[in-house]
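Beneath this line is the structure, given in structure tokens, with notes to follow.
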Amino acid sequence: MRTVEFSLLLSTGILLTSTPVQAATPFIPDLTKIGNRWTFQTNDNSSDQKTITPKKTACFTKYPSPFDPNGERYRWHLAGDPNTKGYARQEGDQIMMFKVDSSNASRSFVFWEFSERNIGFGTMVSWDDNGDHKFEKIYLERTEGVNCNT
């Protein structure tokens, strides 16, 4: 009987003295919530010469879509280049982007996903009206807390 009382007393003491564990806030991917400015670089894998492009900056603006309740939709443009802009769709941590460059009639499709809170990796396919195309790897990084003037 004393063993049962001791066990009960010990269990009660552990419950009363244990500290509550706080769960970490889950990261919910969003292209604009903590900053809409993303820099990116591409690595051209289409030729024998592996070229890395200079960094560019994309600015995203969320816009509502009543027809797409499962994802987020965005418009985006290239900072400093009014000719390069497009649309993006996000579902979970996966982002699909379409780009049109009206200055040289080229188009790109980018598929990437968050690997961390402010970092993403993916693939970009570009083509133009002449039939030229290339496949590139893309690396994106958000400047947290910084927004583009959109």
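Letters A, B, ... mark the chains of the structure tokens in the order given; residue numbers begin at 1 per chain; ligand numbers begin at 1, in order shown.
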> Quick one: residues within 10 Å of range 81-87 of chain A, only C-alpha atoms counted, chain neighbours fewer than 6 positions away excluded, as a VMD selection string?
Replying inline: chain A and resid 57 to 62 73 to 75 96 to 109
>> Applying 10 Å and only C-alpha atoms, which residues near Asp44 in chain A remain after dropping the ones on its own chain fewer than 2 positions away? List them as a ChimeraX atom specification.
In response: /A:41-42,46-53,124-125,134-138
> as a PyMOL selection string, which residues of range 64-107 of chain A does DSSP assign to strand (DSSP E)?
Replying inline: chain A and resi 72-78+81-91+94-101+106-107
Let's have the selection written as a compact mmCIF listing (two decimals), in the first residue's frame, with C-alpha atoms.
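As written to disk, out.txt reads:
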# COMPACT_ATOMS: atom_id res chain seq x y z
CA GLU A 72 -2.21 31.82 -53.49
CA ARG A 73 -1.81 33.89 -56.63
CA TYR A 74 0.71 36.64 -57.26
CA ARG A 75 1.75 39.14 -59.88
CA TRP A 76 5.46 39.83 -60.08
CA HIS A 77 7.89 42.01 -61.97
CA LEU A 78 11.63 42.31 -62.30
CA ASP A 81 12.86 46.28 -65.84
CA PRO A 82 9.23 47.15 -66.64
CA ASN A 83 9.28 44.76 -69.64
CA THR A 84 9.77 41.61 -67.55
CA LYS A 85 6.78 40.53 -65.50
CA GLY A 86 4.53 37.60 -64.93
CA TYR A 87 2.28 35.58 -62.67
CA ALA A 88 2.91 33.05 -59.94
CA ARG A 89 0.81 30.47 -58.17
CA GLN A 90 1.68 28.91 -54.84
CA GLU A 91 0.31 25.76 -53.29
CA GLN A 94 5.64 24.86 -54.26
CA ILE A 95 5.61 27.86 -56.58
CA MET A 96 4.98 27.97 -60.33
CA MET A 97 5.89 31.15 -62.17
CA PHE A 98 5.34 32.30 -65.74
CA LYS A 99 7.44 35.15 -67.14
CA VAL A 100 7.02 37.23 -70.27
CA ASP A 101 9.71 39.63 -71.45
CA SER A 106 11.05 35.48 -74.58
CA ARG A 107 9.06 33.44 -72.11
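For range 10-126 of chain A, backbone-based DSSP assignment of helix (DSSP H, G or I) covers Leu10, Ser11, Thr12, Gly13, Ile14, Leu15, Leu16 and Thr17 of chain A.
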Skipping near chain neighbours, those fewer than 3 positions away, what residues fall within 8 Å of Phe121 in chain A using only C-alpha atoms, listed as an mmCIF file with N, CA, C and O atoms, in the first residue's frame?
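The new file selection-v5.cif reads:
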data_model
loop_
_atom_site.group_PDB
_atom_site.id
_atom_site.type_symbol
_atom_site.label_atom_id
_atom_site.label_comp_id
_atom_site.auth_asym_id
_atom_site.auth_seq_id
_atom_site.Cartn_x
_atom_site.Cartn_y
_atom_site.Cartn_z
ATOM 1 N N TRP A 112 9.619 26.048 -58.605
ATOM 2 C CA TRP A 112 10.549 26.001 -57.474
ATOM 3 C C TRP A 112 9.792 25.776 -56.181
ATOM 4 O O TRP A 112 8.577 25.848 -56.131
ATOM 5 N N GLU A 113 10.535 25.490 -55.133
ATOM 6 C CA GLU A 113 9.913 25.296 -53.829
ATOM 7 C C GLU A 113 10.815 25.814 -52.730
ATOM 8 O O GLU A 113 12.033 25.925 -52.898
ATOM 9 N N PHE A 114 10.161 26.170 -51.620
ATOM 10 C CA PHE A 114 10.900 26.616 -50.448
ATOM 11 C C PHE A 114 11.736 25.453 -49.922
ATOM 12 O O PHE A 114 11.244 24.345 -49.789
ATOM 13 N N SER A 115 12.990 25.729 -49.598
ATOM 14 C CA SER A 115 13.778 24.724 -48.883
ATOM 15 C C SER A 115 13.968 25.177 -47.439
ATOM 16 O O SER A 115 14.213 24.370 -46.564
ATOM 17 N N LYS A 137 18.990 25.919 -63.669
ATOM 18 C CA LYS A 137 18.677 25.777 -62.253
ATOM 19 C C LYS A 137 18.527 27.186 -61.702
ATOM 20 O O LYS A 137 19.199 28.111 -62.155
ATOM 21 N N ILE A 138 17.655 27.353 -60.720
ATOM 22 C CA ILE A 138 17.433 28.683 -60.161
ATOM 23 C C ILE A 138 17.531 28.614 -58.638
ATOM 24 O O ILE A 138 17.094 27.643 -58.023
ATOM 25 N N TYR A 139 18.159 29.628 -58.073
ATOM 26 C CA TYR A 139 18.301 29.778 -56.621
ATOM 27 C C TYR A 139 17.673 31.108 -56.255
ATOM 28 O O TYR A 139 17.997 32.137 -56.850
ATOM 29 N N LEU A 140 16.750 31.101 -55.283
ATOM 30 C CA LEU A 140 16.061 32.320 -54.868
ATOM 31 C C LEU A 140 16.275 32.548 -53.386
ATOM 32 O O LEU A 140 16.322 31.601 -52.599
#
> Expressed in Å to a single decimal, how great is the separation between CA of Ser126 in chain A and CA of Val110 in chain A?
Replying inline: 8.6 Å
> Which residues come within 9 Å of Gly92 in chain A, counting only C-alpha atoms, excluding same-chain residues fewer than 5 positions away, as a list in words?
Replying inline: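 That gives Ile28, Pro29, Asp30, Asn70, Gly71, Glu72 and Glu113 of chain A.
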Produce a file of the selected residues containing N, CA and C atoms, as a PDB file, in the first residue's frame.
ATOM      1  N   ILE A  28       4.590  28.882 -42.381  1.00  0.00           N
ATOM      2  CA  ILE A  28       3.633  28.793 -43.472  1.00  0.00           C
ATOM      3  C   ILE A  28       4.203  29.610 -44.622  1.00  0.00           C
ATOM      4  N   PRO A  29       4.627  28.939 -45.695  1.00  0.00           N
ATOM      5  CA  PRO A  29       5.264  29.661 -46.801  1.00  0.00           C
ATOM      6  C   PRO A  29       4.345  30.721 -47.403  1.00  0.00           C
ATOM      7  N   ASP A  30       4.899  31.865 -47.675  1.00  0.00           N
ATOM      8  CA  ASP A  30       4.167  32.957 -48.289  1.00  0.00           C
ATOM      9  C   ASP A  30       5.200  33.854 -48.962  1.00  0.00           C
ATOM     10  N   ASN A  70      -7.436  26.834 -53.103  1.00  0.00           N
ATOM     11  CA  ASN A  70      -6.379  25.977 -52.565  1.00  0.00           C
ATOM     12  C   ASN A  70      -4.989  26.561 -52.675  1.00  0.00           C
ATOM     13  N   GLY A  71      -4.845  27.704 -53.285  1.00  0.00           N
ATOM     14  CA  GLY A  71      -3.514  28.272 -53.466  1.00  0.00           C
ATOM     15  C   GLY A  71      -3.545  29.782 -53.390  1.00  0.00           C
ATOM     16  N   GLU A  72      -2.363  30.359 -53.476  1.00  0.00           N
ATOM     17  CA  GLU A  72      -2.208  31.815 -53.491  1.00  0.00           C
ATOM     18  C   GLU A  72      -1.768  32.223 -54.891  1.00  0.00           C
ATOM     19  N   GLU A 113      10.535  25.490 -55.133  1.00  0.00           N
ATOM     20  CA  GLU A 113       9.913  25.296 -53.829  1.00  0.00           C
ATOM     21  C   GLU A 113      10.815  25.814 -52.730  1.00  0.00           C
TER      22      GLU A 113
END
>> I'd like the interatomic distance between CA of Lys56 in chain A and CA of Lys33 in chain A, to a tenth of an Å.
In response: 20.4 Å
